[in-house]
Amino acid sequence: GALLATLTGCADSTAATTGRLSVMLTDAPFPFGDVARADMHVVRIDARLAESSEAEAAALEGTADDAELENHDPRRGWVTIATPDRLIDLLALQNGTTTNLGQVVLPTGRYRGFRLVLDTDRSSVTLTDGTVLQGNAQPGIVWPSAGRTGVKLNLAQSVNLVESGTVLVVDFDLGNSFVLRGDAITENGLLFKPVIRASARDVT
């Protein structure tokens with residue numbers, strides 16, 4: 001009886017209360033105010049007639065030169081359509097500003113696969129305080145793979161190349177392509193999760 005009373009007393013004194021826990025999801029905005037430059041080294045842009053997956057876009061066989069020279073038939077696989085091989089500050093391309101990456105003559109038809117090849121070892125984000133975020137720095141940028149990597153371009157619809165010519169506009173969504181790895185960009189840097197869209201129009 002004494003033992004029962006003791007247990008009852010303990011239960012009364014430590015009785016648990018309940019509360020409602022709500023879980024919400026949001027997307028942390030890219031801290032544009034802290035960034036002075038966002039330099040991506042664009043090696044080249046490839047295209048093919050067949051649709052491509054993320055894995056196929058990322059798979060770069062052999063060297064960059066081999067990938068550019070091995071195939072010239074878009075029905076067989078990737079063909080190179082532009083080779084800028086230069087740093088491009090994405091922050092300078094806002095509000096409709098564009099830069100020319102190159103052009104090529106290809107067989108007409110509907111192209112369903114495009115990829116952007118980046119050299120992540122030569123890409124960086126520079127903060128307003130002068131800090132440069134790179135893959136080998138701390139804080140830095142975590143890239144999906146070191147060196148060259150292919151990124152699939154998301155198409156609103158297939159690109160119809162016509163005899164009069166077609167213009168392909170590549171939209172690198174900077175705000176959604178980098179994710180904060182901590183509470184502040186200066187603590188743990190960024191994670192690169194590319195979101196790149198493309199649309200086309202005929203030349204008239």
# chains A, B, ... in the order shown; residues from 1 in each chain; ligands from 1
>>> select_by_dssp(residues="region 111-197 of chain A", states="strand (DSSP E or B)", output="VMD selection string")
chain A and resid 111 113 to 119 124 to 127 132 to 133 141 to 142 148 to 152 154 to 155 159 to 161 166 to 172 178 to 180 190 to 192 196 to 197
>>> closest_atom_pairs(of="region 102-188 of chain A", to="region 88-97 of chain A", cutoff="10 Å", atoms="only C-alpha atoms", output="JSON lines")
{"residue": "A:Ser123", "atom": "CA", "partner": "A:Ile88", "partner_atom": "CA", "distance": 9.0}
{"residue": "A:Ser124", "atom": "CA", "partner": "A:Asp89", "partner_atom": "CA", "distance": 9.5}
{"residue": "A:Val125", "atom": "CA", "partner": "A:Asp89", "partner_atom": "CA", "distance": 9.1}
{"residue": "A:Asp171", "atom": "CA", "partner": "A:Leu93", "partner_atom": "CA", "distance": 9.5}
{"residue": "A:Phe172", "atom": "CA", "partner": "A:Leu90", "partner_atom": "CA", "distance": 7.6}
{"residue": "A:Asp173", "atom": "CA", "partner": "A:Leu90", "partner_atom": "CA", "distance": 9.1}
{"residue": "A:Leu174", "atom": "CA", "partner": "A:Leu90", "partner_atom": "CA", "distance": 7.4}
>>> write_last_selection(atoms="all heavy atoms", output="PDB file, in the first residue's frame")
ATOM      1  N   SER A 123      34.516  28.293 -61.222  1.00  0.00           N
ATOM      2  CA  SER A 123      33.332  29.099 -60.925  1.00  0.00           C
ATOM      3  C   SER A 123      33.371  29.534 -59.470  1.00  0.00           C
ATOM      4  O   SER A 123      33.949  28.858 -58.619  1.00  0.00           O
ATOM      5  CB  SER A 123      32.059  28.289 -61.193  1.00  0.00           C
ATOM      6  OG  SER A 123      31.998  27.888 -62.555  1.00  0.00           O
ATOM      7  N   SER A 124      32.717  30.666 -59.167  1.00  0.00           N
ATOM      8  CA  SER A 124      32.759  31.191 -57.805  1.00  0.00           C
ATOM      9  C   SER A 124      31.645  32.198 -57.577  1.00  0.00           C
ATOM     10  O   SER A 124      31.032  32.699 -58.523  1.00  0.00           O
ATOM     11  CB  SER A 124      34.110  31.861 -57.520  1.00  0.00           C
ATOM     12  OG  SER A 124      34.297  32.979 -58.376  1.00  0.00           O
ATOM     13  N   VAL A 125      31.388  32.475 -56.299  1.00  0.00           N
ATOM     14  CA  VAL A 125      30.466  33.536 -55.886  1.00  0.00           C
ATOM     15  C   VAL A 125      31.245  34.479 -54.982  1.00  0.00           C
ATOM     16  O   VAL A 125      31.870  34.047 -54.006  1.00  0.00           O
ATOM     17  CB  VAL A 125      29.246  32.962 -55.138  1.00  0.00           C
ATOM     18  CG1 VAL A 125      28.413  34.086 -54.523  1.00  0.00           C
ATOM     19  CG2 VAL A 125      28.397  32.110 -56.065  1.00  0.00           C
ATOM     20  N   ASP A 171      17.990  30.474 -69.413  1.00  0.00           N
ATOM     21  CA  ASP A 171      17.719  31.249 -68.196  1.00  0.00           C
ATOM     22  C   ASP A 171      18.295  30.510 -66.995  1.00  0.00           C
ATOM     23  O   ASP A 171      17.757  29.500 -66.557  1.00  0.00           O
ATOM     24  CB  ASP A 171      16.209  31.449 -68.034  1.00  0.00           C
ATOM     25  CG  ASP A 171      15.867  32.248 -66.783  1.00  0.00           C
ATOM     26  OD1 ASP A 171      16.802  32.786 -66.159  1.00  0.00           O
ATOM     27  OD2 ASP A 171      14.675  32.329 -66.434  1.00  0.00           O
ATOM     28  N   PHE A 172      19.404  31.022 -66.461  1.00  0.00           N
ATOM     29  CA  PHE A 172      20.070  30.435 -65.295  1.00  0.00           C
ATOM     30  C   PHE A 172      19.422  31.038 -64.054  1.00  0.00           C
ATOM     31  O   PHE A 172      19.639  32.198 -63.735  1.00  0.00           O
ATOM     32  CB  PHE A 172      21.562  30.747 -65.334  1.00  0.00           C
ATOM     33  CG  PHE A 172      22.421  29.846 -64.510  1.00  0.00           C
ATOM     34  CD1 PHE A 172      23.440  29.104 -65.080  1.00  0.00           C
ATOM     35  CD2 PHE A 172      22.225  29.728 -63.137  1.00  0.00           C
ATOM     36  CE1 PHE A 172      24.252  28.279 -64.315  1.00  0.00           C
ATOM     37  CE2 PHE A 172      23.018  28.911 -62.371  1.00  0.00           C
ATOM     38  CZ  PHE A 172      24.033  28.178 -62.960  1.00  0.00           C
ATOM     39  N   ASP A 173      18.588  30.256 -63.377  1.00  0.00           N
ATOM     40  CA  ASP A 173      17.837  30.745 -62.214  1.00  0.00           C
ATOM     41  C   ASP A 173      18.754  30.758 -60.997  1.00  0.00           C
ATOM     42  O   ASP A 173      18.854  29.783 -60.257  1.00  0.00           O
ATOM     43  CB  ASP A 173      16.627  29.845 -61.969  1.00  0.00           C
ATOM     44  CG  ASP A 173      15.669  30.418 -60.927  1.00  0.00           C
ATOM     45  OD1 ASP A 173      16.093  31.297 -60.151  1.00  0.00           O
ATOM     46  OD2 ASP A 173      14.512  29.991 -60.880  1.00  0.00           O
ATOM     47  N   LEU A 174      19.431  31.888 -60.803  1.00  0.00           N
ATOM     48  CA  LEU A 174      20.429  31.990 -59.729  1.00  0.00           C
ATOM     49  C   LEU A 174      19.800  31.798 -58.351  1.00  0.00           C
ATOM     50  O   LEU A 174      20.351  31.092 -57.497  1.00  0.00           O
ATOM     51  CB  LEU A 174      21.124  33.353 -59.806  1.00  0.00           C
ATOM     52  CG  LEU A 174      22.206  33.630 -58.758  1.00  0.00           C
ATOM     53  CD1 LEU A 174      23.364  32.665 -58.920  1.00  0.00           C
ATOM     54  CD2 LEU A 174      22.699  35.068 -58.866  1.00  0.00           C
TER      55      LEU A 174
END
>>> residues_around(residues="Arg181 (chain A)", least_positions_apart="4", cutoff="10 Å", atoms="only C-alpha atoms", output="PyMOL selection string")
chain A and resi 139-142+185-191
>>> atom_distance(atom1="CA of Gly130 (chain A)", atom2="CA of Val35 (chain A)")
9.2 Å
>>> closest_residue(among="A:Arg197, A:Leu180, A:Gly77, A:Leu49", to="Leu116 (chain A)", atoms="only C-alpha atoms")
A:Arg197
>>> residues_around(residues="region 149-159 of chain A", least_positions_apart="3", cutoff="7 Å", atoms="only C-alpha atoms", output="ChimeraX atom specification")
/A:54,57-60,110-112,114-119,145,196-200
>>> write_last_selection(atoms="C-alpha atoms", output="PDB file, in the first residue's frame")
ATOM      1  CA  GLU A  54      19.506  14.427 -65.662  1.00  0.00           C
ATOM      2  CA  ALA A  57      23.183  15.359 -69.205  1.00  0.00           C
ATOM      3  CA  ALA A  58      25.674  14.963 -66.352  1.00  0.00           C
ATOM      4  CA  ALA A  59      27.604  12.090 -67.969  1.00  0.00           C
ATOM      5  CA  LEU A  60      30.608  13.580 -69.783  1.00  0.00           C
ATOM      6  CA  ARG A 110      12.700  19.333 -83.036  1.00  0.00           C
ATOM      7  CA  TYR A 111      15.487  19.209 -80.463  1.00  0.00           C
ATOM      8  CA  ARG A 112      14.481  17.792 -77.088  1.00  0.00           C
ATOM      9  CA  PHE A 114      20.095  20.371 -74.134  1.00  0.00           C
ATOM     10  CA  ARG A 115      22.801  20.611 -71.505  1.00  0.00           C
ATOM     11  CA  LEU A 116      25.077  23.313 -70.158  1.00  0.00           C
ATOM     12  CA  VAL A 117      28.623  22.181 -69.339  1.00  0.00           C
ATOM     13  CA  LEU A 118      30.199  24.086 -66.449  1.00  0.00           C
ATOM     14  CA  ASP A 119      33.725  24.117 -65.091  1.00  0.00           C
ATOM     15  CA  SER A 145      30.927  17.006 -58.770  1.00  0.00           C
ATOM     16  CA  ILE A 196      18.340  26.202 -65.694  1.00  0.00           C
ATOM     17  CA  ARG A 197      15.482  26.740 -68.138  1.00  0.00           C
ATOM     18  CA  ALA A 198      15.482  27.315 -71.883  1.00  0.00           C
ATOM     19  CA  SER A 199      12.996  28.663 -74.397  1.00  0.00           C
ATOM     20  CA  ALA A 200      13.213  29.354 -78.125  1.00  0.00           C
TER      21      ALA A 200
END
>>> decode(residues="region 108-192 of chain A", atoms="C-alpha atoms", output="mmCIF file, in the first residue's frame")
data_model
loop_
_atom_site.group_PDB
_atom_site.id
_atom_site.type_symbol
_atom_site.label_atom_id
_atom_site.label_comp_id
_atom_site.auth_asym_id
_atom_site.auth_seq_id
_atom_site.Cartn_x
_atom_site.Cartn_y
_atom_site.Cartn_z
ATOM 1 C CA THR A 108 16.365 21.354 -88.871
ATOM 2 C CA GLY A 109 13.951 19.506 -86.596
ATOM 3 C CA ARG A 110 12.700 19.333 -83.036
ATOM 4 C CA TYR A 111 15.487 19.209 -80.463
ATOM 5 C CA ARG A 112 14.481 17.792 -77.088
ATOM 6 C CA GLY A 113 17.781 17.536 -75.224
ATOM 7 C CA PHE A 114 20.095 20.371 -74.134
ATOM 8 C CA ARG A 115 22.801 20.611 -71.505
ATOM 9 C CA LEU A 116 25.077 23.313 -70.158
ATOM 10 C CA VAL A 117 28.623 22.181 -69.339
ATOM 11 C CA LEU A 118 30.199 24.086 -66.449
ATOM 12 C CA ASP A 119 33.725 24.117 -65.091
ATOM 13 C CA THR A 120 32.919 24.272 -61.379
ATOM 14 C CA ASP A 121 36.610 24.441 -60.436
ATOM 15 C CA ARG A 122 36.750 27.876 -62.105
ATOM 16 C CA SER A 123 33.332 29.099 -60.925
ATOM 17 C CA SER A 124 32.759 31.191 -57.805
ATOM 18 C CA VAL A 125 30.466 33.536 -55.886
ATOM 19 C CA THR A 126 31.972 36.771 -54.536
ATOM 20 C CA LEU A 127 30.352 38.456 -51.529
ATOM 21 C CA THR A 128 30.095 42.193 -51.007
ATOM 22 C CA ASP A 129 32.723 42.002 -48.243
ATOM 23 C CA GLY A 130 35.237 40.525 -50.714
ATOM 24 C CA THR A 131 34.915 36.877 -49.580
ATOM 25 C CA VAL A 132 35.150 34.474 -52.539
ATOM 26 C CA LEU A 133 33.166 31.230 -52.248
ATOM 27 C CA GLN A 134 34.719 28.331 -54.167
ATOM 28 C CA GLY A 135 34.681 24.579 -53.965
ATOM 29 C CA ASN A 136 37.945 24.373 -52.027
ATOM 30 C CA ALA A 137 37.276 27.303 -49.665
ATOM 31 C CA GLN A 138 35.625 27.585 -46.246
ATOM 32 C CA PRO A 139 33.006 28.882 -46.385
ATOM 33 C CA GLY A 140 32.668 27.685 -49.948
ATOM 34 C CA ILE A 141 30.375 26.059 -52.477
ATOM 35 C CA VAL A 142 29.460 22.368 -52.513
ATOM 36 C CA TRP A 143 29.217 21.396 -56.186
ATOM 37 C CA PRO A 144 27.570 18.133 -57.341
ATOM 38 C CA SER A 145 30.927 17.006 -58.770
ATOM 39 C CA ALA A 146 34.387 18.446 -59.213
ATOM 40 C CA GLY A 147 35.627 19.831 -62.506
ATOM 41 C CA ARG A 148 33.349 19.728 -65.529
ATOM 42 C CA THR A 149 29.725 18.805 -65.024
ATOM 43 C CA GLY A 150 26.766 18.734 -67.415
ATOM 44 C CA VAL A 151 23.482 20.315 -66.335
ATOM 45 C CA LYS A 152 20.191 19.524 -68.073
ATOM 46 C CA LEU A 153 18.262 22.495 -69.458
ATOM 47 C CA ASN A 154 14.561 22.360 -68.598
ATOM 48 C CA LEU A 155 12.476 23.041 -71.699
ATOM 49 C CA ALA A 156 8.978 24.475 -71.672
ATOM 50 C CA GLN A 157 8.591 22.625 -74.989
ATOM 51 C CA SER A 158 10.877 21.066 -77.574
ATOM 52 C CA VAL A 159 12.948 23.492 -79.643
ATOM 53 C CA ASN A 160 11.960 23.572 -83.318
ATOM 54 C CA LEU A 161 14.967 24.566 -85.427
ATOM 55 C CA VAL A 162 13.706 26.096 -88.673
ATOM 56 C CA GLU A 163 15.476 27.121 -91.886
ATOM 57 C CA SER A 164 15.210 30.836 -91.100
ATOM 58 C CA GLY A 165 16.960 30.229 -87.776
ATOM 59 C CA THR A 166 15.987 29.817 -84.137
ATOM 60 C CA VAL A 167 17.162 31.670 -81.028
ATOM 61 C CA LEU A 168 17.569 29.668 -77.821
ATOM 62 C CA VAL A 169 17.473 31.702 -74.599
ATOM 63 C CA VAL A 170 19.006 29.984 -71.552
ATOM 64 C CA ASP A 171 17.719 31.249 -68.196
ATOM 65 C CA PHE A 172 20.070 30.435 -65.295
ATOM 66 C CA ASP A 173 17.837 30.745 -62.214
ATOM 67 C CA LEU A 174 20.429 31.990 -59.729
ATOM 68 C CA GLY A 175 18.019 32.360 -56.802
ATOM 69 C CA ASN A 176 16.911 28.728 -56.999
ATOM 70 C CA SER A 177 20.258 27.229 -58.036
ATOM 71 C CA PHE A 178 22.059 27.945 -54.751
ATOM 72 C CA VAL A 179 20.872 26.890 -51.303
ATOM 73 C CA LEU A 180 22.201 28.293 -48.027
ATOM 74 C CA ARG A 181 24.010 25.663 -45.947
ATOM 75 C CA GLY A 182 23.650 27.617 -42.700
ATOM 76 C CA ASP A 183 21.860 30.578 -41.190
ATOM 77 C CA ALA A 184 24.093 32.980 -43.103
ATOM 78 C CA ILE A 185 26.022 32.734 -46.350
ATOM 79 C CA THR A 186 29.244 33.647 -44.521
ATOM 80 C CA GLU A 187 29.012 30.652 -42.160
ATOM 81 C CA ASN A 188 28.832 27.471 -44.248
ATOM 82 C CA GLY A 189 28.545 28.784 -47.786
ATOM 83 C CA LEU A 190 26.255 27.421 -50.489
ATOM 84 C CA LEU A 191 25.038 24.188 -52.056
ATOM 85 C CA PHE A 192 24.694 24.183 -55.856
#
